[in-house]
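Here's model.cif, which has mmCIF, C-alpha atoms:
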```cif
data_start
loop_
_atom_site.group_PDB
_atom_site.id
_atom_site.type_symbol
_atom_site.label_atom_id
_atom_site.label_comp_id
_atom_site.auth_asym_id
_atom_site.auth_seq_id
_atom_site.Cartn_x
_atom_site.Cartn_y
_atom_site.Cartn_z
ATOM 1 C CA MET E 1 -19.303 -4.025 9.083
ATOM 2 C CA SER E 2 -19.356 -1.168 11.569
ATOM 3 C CA ALA E 3 -22.973 -2.007 12.418
ATOM 4 C CA THR E 4 -22.013 -5.558 13.308
ATOM 5 C CA SER E 5 -23.132 -6.756 16.736
ATOM 6 C CA PRO E 6 -20.533 -7.564 19.445
ATOM 7 C CA GLU E 7 -21.536 -11.262 19.212
ATOM 8 C CA ALA E 8 -20.848 -11.342 15.477
ATOM 9 C CA VAL E 9 -17.516 -9.558 15.962
ATOM 10 C CA LYS E 10 -16.432 -12.217 18.495
ATOM 11 C CA LYS E 11 -16.836 -14.828 15.754
ATOM 12 C CA HIS E 12 -14.755 -12.676 13.373
ATOM 13 C CA VAL E 13 -11.857 -12.601 15.834
ATOM 14 C CA ARG E 14 -11.261 -16.334 15.302
ATOM 15 C CA THR E 15 -11.221 -15.718 11.539
ATOM 16 C CA TYR E 16 -8.610 -12.949 11.969
ATOM 17 C CA ILE E 17 -6.270 -15.353 13.786
ATOM 18 C CA THR E 18 -6.732 -18.004 11.067
ATOM 19 C CA ILE E 19 -5.974 -15.430 8.348
ATOM 20 C CA PHE E 20 -2.864 -14.300 10.238
ATOM 21 C CA ILE E 21 -1.542 -17.890 10.341
ATOM 22 C CA ALA E 22 -2.279 -18.285 6.603
ATOM 23 C CA LEU E 23 -0.448 -15.022 5.816
ATOM 24 C CA ALA E 24 2.575 -16.030 7.910
ATOM 25 C CA ILE E 25 2.768 -19.440 6.170
ATOM 26 C CA LEU E 26 2.423 -17.836 2.723
ATOM 27 C CA THR E 27 5.250 -15.397 3.566
ATOM 28 C CA VAL E 28 7.547 -18.321 4.388
ATOM 29 C CA VAL E 29 6.401 -20.091 1.180
ATOM 30 C CA THR E 30 7.221 -16.951 -0.856
ATOM 31 C CA VAL E 31 10.787 -16.929 0.479
ATOM 32 C CA TRP E 32 11.162 -20.708 0.038
ATOM 33 C CA VAL E 33 9.956 -20.567 -3.595
ATOM 34 C CA SER E 34 12.557 -17.895 -4.365
ATOM 35 C CA THR E 35 15.315 -20.355 -3.339
ATOM 36 C CA LEU E 36 14.172 -22.995 -5.854
ATOM 37 C CA ASP E 37 15.969 -21.326 -8.794
ATOM 38 C CA LEU E 38 12.920 -21.540 -11.028
ATOM 39 C CA PRO E 39 13.187 -20.074 -14.532
ATOM 40 C CA GLY E 40 12.486 -16.281 -14.633
ATOM 41 C CA PRO E 41 8.874 -16.202 -15.888
ATOM 42 C CA ALA E 42 7.789 -19.108 -13.634
ATOM 43 C CA ALA E 43 9.418 -17.499 -10.564
ATOM 44 C CA ILE E 44 7.743 -14.153 -11.296
ATOM 45 C CA ALA E 45 4.339 -15.774 -11.920
ATOM 46 C CA LEU E 46 4.517 -17.871 -8.746
ATOM 47 C CA ALA E 47 5.666 -14.922 -6.601
ATOM 48 C CA PHE E 48 2.775 -12.793 -7.864
ATOM 49 C CA ILE E 49 0.204 -15.558 -7.430
ATOM 50 C CA ILE E 50 1.240 -15.965 -3.762
ATOM 51 C CA ALA E 51 1.351 -12.170 -3.246
ATOM 52 C CA SER E 52 -2.126 -11.855 -4.803
ATOM 53 C CA ILE E 53 -3.527 -14.567 -2.502
ATOM 54 C CA LYS E 54 -2.036 -12.764 0.520
ATOM 55 C CA ALA E 55 -3.378 -9.403 -0.678
ATOM 56 C CA GLY E 56 -6.792 -11.003 -1.265
ATOM 57 C CA LEU E 57 -6.887 -12.380 2.289
ATOM 58 C CA VAL E 58 -5.992 -8.980 3.768
ATOM 59 C CA ALA E 59 -8.546 -7.144 1.593
ATOM 60 C CA LEU E 60 -11.392 -9.638 2.052
ATOM 61 C CA PHE E 61 -11.083 -10.239 5.784
ATOM 62 C CA PHE E 62 -9.086 -7.433 7.444
ATOM 63 C CA MET E 63 -10.506 -4.692 5.190
ATOM 64 C CA HIS E 64 -13.955 -6.331 5.313
ATOM 65 C CA LEU E 65 -14.433 -6.364 1.540
ATOM 66 C CA LEU E 66 -16.342 -9.606 1.958
ATOM 67 C CA GLY E 67 -19.908 -8.327 2.199
ATOM 68 C CA GLU E 68 -18.963 -4.713 1.514
ATOM 69 C CA ARG E 69 -21.380 -2.305 -0.229
ATOM 70 C CA LYS E 70 -21.564 -2.301 -4.028
ATOM 71 C CA ILE E 71 -20.307 1.282 -4.315
ATOM 72 C CA ILE E 72 -16.996 0.356 -2.626
ATOM 73 C CA ILE E 73 -16.610 -2.740 -4.847
ATOM 74 C CA ALA E 74 -17.321 -0.587 -7.923
ATOM 75 C CA ILE E 75 -14.669 1.964 -6.911
ATOM 76 C CA LEU E 76 -12.148 -0.832 -6.391
ATOM 77 C CA ALA E 77 -13.001 -2.583 -9.668
ATOM 78 C CA LEU E 78 -12.402 0.680 -11.536
ATOM 79 C CA THR E 79 -9.134 1.198 -9.646
ATOM 80 C CA VAL E 80 -7.891 -2.310 -10.471
ATOM 81 C CA PHE E 81 -8.773 -1.775 -14.159
ATOM 82 C CA PHE E 82 -6.788 1.474 -14.351
ATOM 83 C CA PHE E 83 -3.927 -0.071 -12.350
ATOM 84 C CA VAL E 84 -3.644 -2.864 -14.926
ATOM 85 C CA VAL E 85 -3.777 -0.312 -17.777
ATOM 86 C CA LEU E 86 -1.145 1.826 -16.038
ATOM 87 C CA THR E 87 1.150 -1.185 -15.639
ATOM 88 C CA LEU E 88 0.705 -2.668 -19.104
ATOM 89 C CA LEU E 89 0.381 0.417 -21.316
ATOM 90 C CA PRO E 90 4.023 1.548 -20.984
ATOM 91 C CA GLN E 91 5.043 -1.972 -22.095
ATOM 92 C CA THR E 92 3.844 -1.086 -25.584
ATOM 93 C CA SER E 93 6.962 1.094 -25.834
ATOM 94 C CA HIS E 94 8.908 -2.145 -26.352
ATOM 95 C CA VAL E 95 6.869 -2.947 -29.453
ATOM 96 C CA VAL E 96 8.888 -2.174 -32.559
ATOM 97 C CA VAL E 97 6.688 -0.413 -35.067
ATOM 98 C CA PRO E 98 7.867 -0.867 -38.660
ATOM 99 C CA ILE E 99 8.429 2.436 -40.430
ATOM 100 C CA ILE E 100 6.611 2.550 -43.751
ATOM 101 C CA PRO E 101 8.521 4.727 -46.217
ATOM 102 C CA MET W 102 -27.138 28.146 10.233
ATOM 103 C CA SER W 103 -25.934 24.641 11.073
ATOM 104 C CA ALA W 104 -22.453 23.625 9.901
ATOM 105 C CA GLU W 105 -22.889 20.010 10.969
ATOM 106 C CA ILE W 106 -21.307 17.448 8.684
ATOM 107 C CA LYS W 107 -23.860 14.755 7.942
ATOM 108 C CA TRP W 108 -23.528 10.995 7.489
ATOM 109 C CA ILE W 109 -20.327 10.572 9.491
ATOM 110 C CA ASP W 110 -21.755 8.169 12.064
ATOM 111 C CA LYS W 111 -24.690 6.693 10.117
ATOM 112 C CA PRO W 112 -24.574 5.318 6.541
ATOM 113 C CA HIS W 113 -25.615 7.713 3.766
ATOM 114 C CA PRO W 114 -29.013 6.623 2.359
ATOM 115 C CA VAL W 115 -27.727 6.669 -1.238
ATOM 116 C CA SER W 116 -24.237 5.132 -0.927
ATOM 117 C CA GLY W 117 -25.061 2.870 2.021
ATOM 118 C CA VAL W 118 -21.763 3.752 3.726
ATOM 119 C CA THR W 119 -20.631 6.634 5.923
ATOM 120 C CA ASN W 120 -19.026 9.593 4.156
ATOM 121 C CA GLY W 121 -15.802 8.883 6.026
ATOM 122 C CA LYS W 122 -15.636 5.321 4.707
ATOM 123 C CA LEU W 123 -16.412 6.402 1.142
ATOM 124 C CA GLY W 124 -13.742 9.085 1.459
ATOM 125 C CA ILE W 125 -11.033 6.731 2.721
ATOM 126 C CA TRP W 126 -11.746 4.214 -0.070
ATOM 127 C CA LEU W 127 -11.499 6.979 -2.707
ATOM 128 C CA PHE W 128 -8.231 8.092 -1.092
ATOM 129 C CA LEU W 129 -6.927 4.514 -1.181
ATOM 130 C CA ALA W 130 -7.910 4.296 -4.871
ATOM 131 C CA SER W 131 -5.711 7.345 -5.539
ATOM 132 C CA GLU W 132 -2.934 5.695 -3.519
ATOM 133 C CA VAL W 133 -3.145 2.588 -5.695
ATOM 134 C CA MET W 134 -2.525 4.808 -8.716
ATOM 135 C CA LEU W 135 0.409 6.546 -6.958
ATOM 136 C CA PHE W 136 2.168 3.263 -6.213
ATOM 137 C CA GLY W 137 0.900 1.882 -9.537
ATOM 138 C CA GLY W 138 2.786 4.574 -11.449
ATOM 139 C CA LEU W 139 6.041 3.681 -9.707
ATOM 140 C CA PHE W 140 5.361 -0.035 -10.044
ATOM 141 C CA SER W 141 4.772 0.506 -13.762
ATOM 142 C CA ALA W 142 8.096 2.367 -13.954
ATOM 143 C CA LEU W 143 9.818 -0.590 -12.268
ATOM 144 C CA VAL W 144 8.318 -3.067 -14.745
ATOM 145 C CA LEU W 145 9.282 -0.856 -17.711
ATOM 146 C CA LEU W 146 12.845 -0.326 -16.450
ATOM 147 C CA ARG W 147 13.301 -4.007 -15.688
ATOM 148 C CA THR W 148 11.919 -5.323 -18.970
ATOM 149 C CA GLY W 149 13.872 -2.701 -20.921
ATOM 150 C CA ALA W 150 17.217 -3.284 -19.183
ATOM 151 C CA ASP W 151 19.917 -5.454 -20.741
ATOM 152 C CA SER W 152 20.597 -6.953 -17.326
ATOM 153 C CA TRP W 153 18.870 -6.581 -13.958
ATOM 154 C CA PRO W 154 20.294 -7.578 -10.577
ATOM 155 C CA VAL W 155 18.593 -10.323 -8.574
ATOM 156 C CA GLY W 156 17.109 -8.686 -5.483
ATOM 157 C CA HIS W 157 18.252 -11.277 -2.949
ATOM 158 C CA GLU W 158 21.887 -10.900 -4.030
ATOM 159 C CA LEU W 159 21.887 -7.186 -3.157
ATOM 160 C CA LEU W 160 19.261 -6.822 -0.430
ATOM 161 C CA ASN W 161 18.796 -8.355 3.011
ATOM 162 C CA VAL W 162 15.980 -10.914 2.606
ATOM 163 C CA LYS W 163 16.064 -11.939 6.292
ATOM 164 C CA LEU W 164 15.348 -8.407 7.516
ATOM 165 C CA ALA W 165 12.663 -7.915 4.840
ATOM 166 C CA THR W 166 10.977 -11.224 5.793
ATOM 167 C CA ILE W 167 10.939 -10.161 9.456
ATOM 168 C CA ASN W 168 9.482 -6.796 8.405
ATOM 169 C CA THR W 169 6.797 -8.568 6.333
ATOM 170 C CA LEU W 170 5.769 -10.617 9.364
ATOM 171 C CA ILE W 171 5.793 -7.485 11.565
ATOM 172 C CA LEU W 172 3.434 -5.669 9.186
ATOM 173 C CA ILE W 173 1.129 -8.703 9.013
ATOM 174 C CA ILE W 174 1.016 -8.914 12.833
ATOM 175 C CA SER W 175 0.337 -5.166 13.000
ATOM 176 C CA SER W 176 -2.574 -5.643 10.581
ATOM 177 C CA VAL W 177 -4.013 -8.257 12.956
ATOM 178 C CA THR W 178 -3.602 -5.975 15.997
ATOM 179 C CA MET W 179 -5.153 -3.099 14.024
ATOM 180 C CA VAL W 180 -8.259 -5.106 13.120
ATOM 181 C CA MET W 181 -8.387 -6.385 16.714
ATOM 182 C CA SER W 182 -8.390 -2.792 17.989
ATOM 183 C CA TRP W 183 -11.466 -2.106 15.827
ATOM 184 C CA ALA W 184 -13.085 -5.378 16.947
ATOM 185 C CA SER W 185 -12.444 -4.412 20.602
ATOM 186 C CA LEU W 186 -14.354 -1.157 20.088
ATOM 187 C CA ALA W 187 -17.170 -3.041 18.340
ATOM 188 C CA MET W 188 -17.282 -5.233 21.490
ATOM 189 C CA LYS W 189 -17.385 -2.030 23.635
ATOM 190 C CA ASN W 190 -13.994 -2.678 25.256
ATOM 191 C CA LEU W 191 -11.900 0.525 25.276
ATOM 192 C CA SER W 192 -8.998 -0.820 27.347
ATOM 193 C CA LYS W 193 -8.439 -3.714 24.933
ATOM 194 C CA TYR W 194 -8.675 -1.254 22.031
ATOM 195 C CA LYS W 195 -5.892 0.826 23.609
ATOM 196 C CA MET W 196 -3.730 -2.255 24.124
ATOM 197 C CA TYR W 197 -4.072 -3.434 20.495
ATOM 198 C CA MET W 198 -3.626 0.079 19.102
ATOM 199 C CA ALA W 199 -0.498 0.599 21.223
ATOM 200 C CA ILE W 200 0.941 -2.689 19.882
ATOM 201 C CA THR W 201 0.119 -1.548 16.322
ATOM 202 C CA VAL W 202 1.974 1.742 16.843
ATOM 203 C CA ILE W 203 4.976 -0.053 18.417
ATOM 204 C CA LEU W 204 5.123 -2.548 15.521
ATOM 205 C CA GLY W 205 5.073 0.395 13.099
ATOM 206 C CA PHE W 206 8.144 1.814 14.854
ATOM 207 C CA VAL W 207 9.844 -1.606 14.824
ATOM 208 C CA PHE W 208 9.240 -1.829 11.049
ATOM 209 C CA LEU W 209 10.818 1.611 10.561
ATOM 210 C CA GLY W 210 13.724 0.690 12.866
ATOM 211 C CA ILE W 211 14.533 -2.426 10.814
ATOM 212 C CA LYS W 212 14.202 -0.383 7.617
ATOM 213 C CA ALA W 213 16.633 2.167 9.042
ATOM 214 C CA VAL W 214 19.136 -0.630 9.808
ATOM 215 C CA GLU W 215 18.732 -1.895 6.238
ATOM 216 C CA TYR W 216 19.246 1.583 4.776
ATOM 217 C CA GLY W 217 22.259 2.045 7.093
ATOM 218 C CA HIS W 218 23.915 -1.086 5.696
ATOM 219 C CA LYS W 219 23.325 0.174 2.153
ATOM 220 C CA PHE W 220 24.812 3.611 2.898
ATOM 221 C CA GLU W 221 27.831 2.002 4.638
ATOM 222 C CA HIS W 222 28.557 0.175 1.391
ATOM 223 C CA HIS W 223 28.064 3.426 -0.564
ATOM 224 C CA HIS W 224 24.866 2.233 -2.179
ATOM 225 C CA PHE W 225 22.705 5.280 -2.811
ATOM 226 C CA PRO W 226 19.750 6.021 -5.130
ATOM 227 C CA SER W 227 22.271 7.453 -7.599
ATOM 228 C CA THR W 228 24.323 4.207 -7.616
ATOM 229 C CA SER W 229 22.157 2.378 -10.148
ATOM 230 C CA ILE W 230 18.627 2.267 -11.580
ATOM 231 C CA PHE W 231 17.892 -0.723 -9.328
ATOM 232 C CA TYR W 232 18.832 1.218 -6.173
ATOM 233 C CA ALA W 233 16.997 4.305 -7.452
ATOM 234 C CA ILE W 234 13.692 2.428 -7.765
ATOM 235 C CA TYR W 235 14.397 0.432 -4.567
ATOM 236 C CA PHE W 236 14.910 3.558 -2.446
ATOM 237 C CA THR W 237 11.993 5.378 -4.111
ATOM 238 C CA LEU W 238 9.472 2.592 -3.567
ATOM 239 C CA THR W 239 10.581 1.566 -0.070
ATOM 240 C CA GLY W 240 11.062 5.221 0.937
ATOM 241 C CA LEU W 241 7.557 6.169 -0.206
ATOM 242 C CA HIS W 242 6.198 3.133 1.620
ATOM 243 C CA ALA W 243 8.099 4.132 4.796
ATOM 244 C CA ILE W 244 6.568 7.640 4.582
ATOM 245 C CA HIS W 245 3.144 5.963 4.493
ATOM 246 C CA VAL W 246 4.049 3.915 7.580
ATOM 247 C CA ILE W 247 5.053 7.154 9.362
ATOM 248 C CA GLY W 248 1.696 8.694 8.333
ATOM 249 C CA GLY W 249 -0.145 5.671 9.721
ATOM 250 C CA ILE W 250 1.804 5.835 13.004
ATOM 251 C CA ILE W 251 0.891 9.532 13.419
ATOM 252 C CA VAL W 252 -2.828 8.852 12.820
ATOM 253 C CA ASN W 253 -2.870 5.765 15.061
ATOM 254 C CA THR W 254 -0.999 7.579 17.859
ATOM 255 C CA TYR W 255 -3.548 10.408 17.682
ATOM 256 C CA PHE W 256 -6.408 7.908 18.010
ATOM 257 C CA LEU W 257 -4.580 6.139 20.854
ATOM 258 C CA PHE W 258 -4.264 9.257 23.011
ATOM 259 C CA PRO W 259 -6.180 12.556 22.395
ATOM 260 C CA GLY W 260 -8.482 11.167 19.688
ATOM 261 C CA SER W 261 -9.830 8.430 21.967
ATOM 262 C CA LYS W 262 -11.750 11.018 24.042
ATOM 263 C CA LEU W 263 -14.429 10.844 21.354
ATOM 264 C CA TRP W 264 -15.320 7.367 22.665
ATOM 265 C CA GLN W 265 -16.921 8.975 25.759
ATOM 266 C CA THR W 266 -19.336 11.139 23.749
ATOM 267 C CA LYS W 267 -19.762 9.457 20.339
ATOM 268 C CA PRO W 268 -18.627 5.809 20.510
ATOM 269 C CA GLU W 269 -20.096 4.836 17.132
ATOM 270 C CA MET W 270 -18.338 7.690 15.343
ATOM 271 C CA PHE W 271 -15.056 6.793 17.054
ATOM 272 C CA THR W 272 -15.430 3.129 16.001
ATOM 273 C CA ASN W 273 -15.993 4.264 12.408
ATOM 274 C CA ARG W 274 -12.864 6.422 12.549
ATOM 275 C CA ILE W 275 -10.799 3.464 13.739
ATOM 276 C CA GLU W 276 -12.226 1.363 10.902
ATOM 277 C CA CYS W 277 -11.075 4.044 8.411
ATOM 278 C CA ALA W 278 -7.628 4.287 10.053
ATOM 279 C CA GLY W 279 -7.495 0.489 9.860
ATOM 280 C CA LEU W 280 -8.315 0.481 6.141
ATOM 281 C CA TYR W 281 -5.329 2.786 5.552
ATOM 282 C CA TRP W 282 -3.019 0.642 7.704
ATOM 283 C CA HIS W 283 -4.064 -2.554 5.893
ATOM 284 C CA PHE W 284 -3.404 -0.813 2.576
ATOM 285 C CA VAL W 285 0.155 -0.047 3.743
ATOM 286 C CA ASP W 286 0.488 -3.777 4.507
ATOM 287 C CA LEU W 287 -0.925 -4.658 1.061
ATOM 288 C CA VAL W 288 1.650 -2.488 -0.711
ATOM 289 C CA TRP W 289 4.477 -4.190 1.190
ATOM 290 C CA ILE W 290 3.089 -7.638 0.314
ATOM 291 C CA PHE W 291 3.791 -6.802 -3.357
ATOM 292 C CA LEU W 292 7.011 -4.828 -2.805
ATOM 293 C CA PHE W 293 8.644 -7.663 -0.859
ATOM 294 C CA PRO W 294 8.799 -10.293 -3.643
ATOM 295 C CA THR W 295 9.215 -7.721 -6.413
ATOM 296 C CA LEU W 296 12.275 -6.008 -4.947
ATOM 297 C CA TYR W 297 13.834 -8.596 -2.640
ATOM 298 C CA LEU W 298 13.177 -12.018 -4.160
ATOM 299 C CA LEU W 299 12.969 -11.746 -7.948
#
```
Represent the structure from my file as structure tokens, please.
Amino acid sequence: MSATSPEAVKKHVRTYITIFIALAILTVVTVWVSTLDLPGPAAIALAFIIASIKAGLVALFFMHLLGERKIIIAILALTVFFFVVLTLLPQTSHVVVPIIP
Amino acid sequence: MSAEIKWIDKPHPVSGVTNGKLGIWLFLASEVMLFGGLFSALVLLRTGADSWPVGHELLNVKLATINTLILIISSVTMVMSWASLAMKNLSKYKMYMAITVILGFVFLGIKAVEYGHKFEHHHFPSTSIFYAIYFTLTGLHAIHVIGGIIVNTYFLFPGSKLWQTKPEMFTNRIECAGLYWHFVDLVWIFLFPTLYLL
């Protein structure tokens, strides 16, 4: 992205404004959804779907991941994998393991 | 003997990116794991607790929503500061970077007001597990905002001299600073619903 020409960057500026409006609307939607008194799992799922969309917009457009080099994508893919493992692995502590005498 | 650091203004032939950009992405990967560990702790504590308070009953959602919008706006001004440099406009860069730094301070100011309200009501990290994880996560995030403000302020004033001699290298540095600032925004995007709304 850093090698992008000034003309190409001018076009990106319009995209940045559009993404900002989308992020602002999604923030309001996040707050509005939380007032709907949805059941626990549905509320959590919806909140995380909206947060993930917002995070995706920031990463793809503001952080220029769209069209980024493969090495950066590979680093991020590995990071996301370990993040998911890190989040889910401790949950196994809730699993009751039967004790075999 | 030359001590010149290579591939800081031109992409490395193997990776295809500058060493600075590769470095900042690796740093951000380690940051994901730092916040990931705490996020994992939150999930474990919440799922293992007999009861867990609803965030919006204890925390100020209005202030947090305003702070979310402030960070989003600051992300736009940050990317605009980089775009201004890419369009060879230093004065616009300075304007957008100054706004980014100011918005960072506004975010911290609102956070301080929020913390002040909590302390007035004698709500401290030791009060409950919820407040412990709330103060830890938001406090760590605030430290990252402070770090970003320091870096951005440096690039706004003394660091911007580099533009006169090596404009491409300076543009790359702002892109890296921007990647960090957007990451700080990303973390808040997940903290906001997790702590305040659910």
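Residues matched by the PyMOL selection byres ((chain E and resi 68) around 12) in this file: Met1, Ser2, Ala3, Ala59, Leu60, Phe61, Phe62, Met63, His64, Leu65, Leu66, Gly67, Arg69, Lys70, Ile71, Ile72, Ile73, Ala74, Ile75 and Leu76 of chain E; Ser116, Gly117, Val118, Lys122, Leu123 and Trp126 of chain W.
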Check which residues of chain E sit at most 9 Å from chain W using all atoms listed in the file, and return one row each with the closest pair of atoms and their distance in Å to one decimal, ordered by chain and rising number, as a Markdown table.
```
| residue | atom | partner | partner_atom | distance |
| --- | --- | --- | --- | --- |
| E:Ser2 | CA | W:Asn273 | CA | 6.4 |
| E:Ala3 | CA | W:Ala187 | CA | 8.4 |
| E:Thr4 | CA | W:Ala187 | CA | 7.4 |
| E:Ser5 | CA | W:Ala187 | CA | 7.2 |
| E:Pro6 | CA | W:Met188 | CA | 4.5 |
| E:Glu7 | CA | W:Met188 | CA | 7.7 |
| E:Val9 | CA | W:Ala184 | CA | 6.2 |
| E:Lys10 | CA | W:Met188 | CA | 7.6 |
| E:His12 | CA | W:Ala184 | CA | 8.3 |
| E:Val13 | CA | W:Met181 | CA | 7.2 |
| E:Tyr16 | CA | W:Val177 | CA | 6.6 |
| E:Ile17 | CA | W:Val177 | CA | 7.5 |
| E:Ile19 | CA | W:Val177 | CA | 8.7 |
| E:Phe20 | CA | W:Val177 | CA | 6.7 |
| E:Leu23 | CA | W:Ile173 | CA | 7.3 |
| E:Ala24 | CA | W:Leu170 | CA | 6.5 |
| E:Thr27 | CA | W:Thr166 | CA | 7.4 |
| E:Val28 | CA | W:Thr166 | CA | 8.0 |
| E:Thr30 | CA | W:Pro294 | CA | 7.4 |
| E:Val31 | CA | W:Leu298 | CA | 7.2 |
| E:Ser34 | CA | W:Leu298 | CA | 5.9 |
| E:Thr35 | CA | W:Leu298 | CA | 8.6 |
| E:Gly40 | CA | W:Leu299 | CA | 8.1 |
| E:Ala43 | CA | W:Leu299 | CA | 7.2 |
| E:Ile44 | CA | W:Leu299 | CA | 6.7 |
| E:Ala47 | CA | W:Pro294 | CA | 6.3 |
| E:Phe48 | CA | W:Phe291 | CA | 7.6 |
| E:Ala51 | CA | W:Phe291 | CA | 5.9 |
| E:Ser52 | CA | W:Phe291 | CA | 7.9 |
| E:Lys54 | CA | W:Ile290 | CA | 7.3 |
| E:Ala55 | CA | W:Leu287 | CA | 5.6 |
| E:Gly56 | CA | W:Leu287 | CA | 8.9 |
| E:Val58 | CA | W:His283 | CA | 7.0 |
| E:Ala59 | CA | W:His283 | CA | 7.7 |
| E:Phe62 | CA | W:Val180 | CA | 6.2 |
| E:Met63 | CA | W:Leu280 | CA | 5.7 |
| E:His64 | CA | W:Leu280 | CA | 8.9 |
| E:Arg69 | CA | W:Gly117 | CA | 6.7 |
| E:Lys70 | CA | W:Ser116 | CA | 8.5 |
| E:Ile71 | CA | W:Ser116 | CA | 6.5 |
| E:Ile72 | CA | W:Trp126 | CA | 7.0 |
| E:Ile75 | CA | W:Leu127 | CA | 7.3 |
| E:Leu76 | CA | W:Ala130 | CA | 6.8 |
| E:Leu78 | CA | W:Ala130 | CA | 8.8 |
| E:Thr79 | CA | W:Ala130 | CA | 5.8 |
| E:Val80 | CA | W:Val133 | CA | 8.3 |
| E:Phe82 | CA | W:Met134 | CA | 7.8 |
| E:Phe83 | CA | W:Gly137 | CA | 5.9 |
| E:Val84 | CA | W:Gly137 | CA | 8.5 |
| E:Leu86 | CA | W:Ser141 | CA | 6.5 |
| E:Thr87 | CA | W:Ser141 | CA | 4.4 |
| E:Leu88 | CA | W:Ser141 | CA | 7.4 |
| E:Leu89 | CA | W:Ser141 | CA | 8.7 |
| E:Pro90 | CA | W:Leu145 | CA | 6.6 |
| E:Gln91 | CA | W:Leu145 | CA | 6.2 |
| E:Ser93 | CA | W:Leu145 | CA | 8.7 |
| E:His94 | CA | W:Gly149 | CA | 7.4 |
```
Store the residues picked out above in a file with C-alpha atoms, as a short mmCIF file (atom, residue, chain, number, x, y, z; two decimals), keeping the file's coordinate frame.
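Listed below is the output, out_21.cif:
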```
data_model
loop_
_atom_site.label_atom_id
_atom_site.label_comp_id
_atom_site.auth_asym_id
_atom_site.auth_seq_id
_atom_site.Cartn_x
_atom_site.Cartn_y
_atom_site.Cartn_z
CA SER E 2 -19.36 -1.17 11.57
CA ALA E 3 -22.97 -2.01 12.42
CA THR E 4 -22.01 -5.56 13.31
CA SER E 5 -23.13 -6.76 16.74
CA PRO E 6 -20.53 -7.56 19.44
CA GLU E 7 -21.54 -11.26 19.21
CA VAL E 9 -17.52 -9.56 15.96
CA LYS E 10 -16.43 -12.22 18.50
CA HIS E 12 -14.76 -12.68 13.37
CA VAL E 13 -11.86 -12.60 15.83
CA TYR E 16 -8.61 -12.95 11.97
CA ILE E 17 -6.27 -15.35 13.79
CA ILE E 19 -5.97 -15.43 8.35
CA PHE E 20 -2.86 -14.30 10.24
CA LEU E 23 -0.45 -15.02 5.82
CA ALA E 24 2.58 -16.03 7.91
CA THR E 27 5.25 -15.40 3.57
CA VAL E 28 7.55 -18.32 4.39
CA THR E 30 7.22 -16.95 -0.86
CA VAL E 31 10.79 -16.93 0.48
CA SER E 34 12.56 -17.90 -4.36
CA THR E 35 15.32 -20.36 -3.34
CA GLY E 40 12.49 -16.28 -14.63
CA ALA E 43 9.42 -17.50 -10.56
CA ILE E 44 7.74 -14.15 -11.30
CA ALA E 47 5.67 -14.92 -6.60
CA PHE E 48 2.78 -12.79 -7.86
CA ALA E 51 1.35 -12.17 -3.25
CA SER E 52 -2.13 -11.86 -4.80
CA LYS E 54 -2.04 -12.76 0.52
CA ALA E 55 -3.38 -9.40 -0.68
CA GLY E 56 -6.79 -11.00 -1.26
CA VAL E 58 -5.99 -8.98 3.77
CA ALA E 59 -8.55 -7.14 1.59
CA PHE E 62 -9.09 -7.43 7.44
CA MET E 63 -10.51 -4.69 5.19
CA HIS E 64 -13.96 -6.33 5.31
CA ARG E 69 -21.38 -2.31 -0.23
CA LYS E 70 -21.56 -2.30 -4.03
CA ILE E 71 -20.31 1.28 -4.32
CA ILE E 72 -17.00 0.36 -2.63
CA ILE E 75 -14.67 1.96 -6.91
CA LEU E 76 -12.15 -0.83 -6.39
CA LEU E 78 -12.40 0.68 -11.54
CA THR E 79 -9.13 1.20 -9.65
CA VAL E 80 -7.89 -2.31 -10.47
CA PHE E 82 -6.79 1.47 -14.35
CA PHE E 83 -3.93 -0.07 -12.35
CA VAL E 84 -3.64 -2.86 -14.93
CA LEU E 86 -1.14 1.83 -16.04
CA THR E 87 1.15 -1.18 -15.64
CA LEU E 88 0.70 -2.67 -19.10
CA LEU E 89 0.38 0.42 -21.32
CA PRO E 90 4.02 1.55 -20.98
CA GLN E 91 5.04 -1.97 -22.10
CA SER E 93 6.96 1.09 -25.83
CA HIS E 94 8.91 -2.14 -26.35
#
```
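Atom pair CA of His245 (chain W) / CA of Leu209 (chain W) has a distance of 10.7 Å (rounded to one decimal).
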Using CA of Gly210 (chain W) and CA of Ile50 (chain E) as the two end points, give the distance in Å to one decimal.
26.6 Å
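CA of Asn161 (chain W) sits 11.7 Å away from CA of Gly217 (chain W).
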Please define a box with edges along x, y and z of the file around all atoms of region 32-47 of chain E given in the file, extend it by 5 Å on each side, and return its centre and edge lengths in Å to one decimal, as AutoDock Vina command-line options.
```
--center_x 10.2 --center_y -18.6 --center_z -7.9 --size_x 21.6 --size_y 18.8 --size_z 25.9
```
Apply the PyMOL selection byres ((chain W and resi 201) around 6) to the structure shown and report the selected residues as a PDB file with C-alpha atoms, in the frame of the given file.
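expr16.pdb, written as the output of this step:
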```pdb
ATOM      1  CA  SER W 175       0.337  -5.166  13.000  1.00  0.00           C
ATOM      2  CA  THR W 178      -3.602  -5.975  15.997  1.00  0.00           C
ATOM      3  CA  MET W 179      -5.153  -3.099  14.024  1.00  0.00           C
ATOM      4  CA  MET W 198      -3.626   0.079  19.102  1.00  0.00           C
ATOM      5  CA  ALA W 199      -0.498   0.599  21.223  1.00  0.00           C
ATOM      6  CA  ILE W 200       0.941  -2.689  19.882  1.00  0.00           C
ATOM      7  CA  VAL W 202       1.974   1.742  16.843  1.00  0.00           C
ATOM      8  CA  ILE W 203       4.976  -0.053  18.417  1.00  0.00           C
ATOM      9  CA  LEU W 204       5.123  -2.548  15.521  1.00  0.00           C
TER      10      LEU W 204
END
```
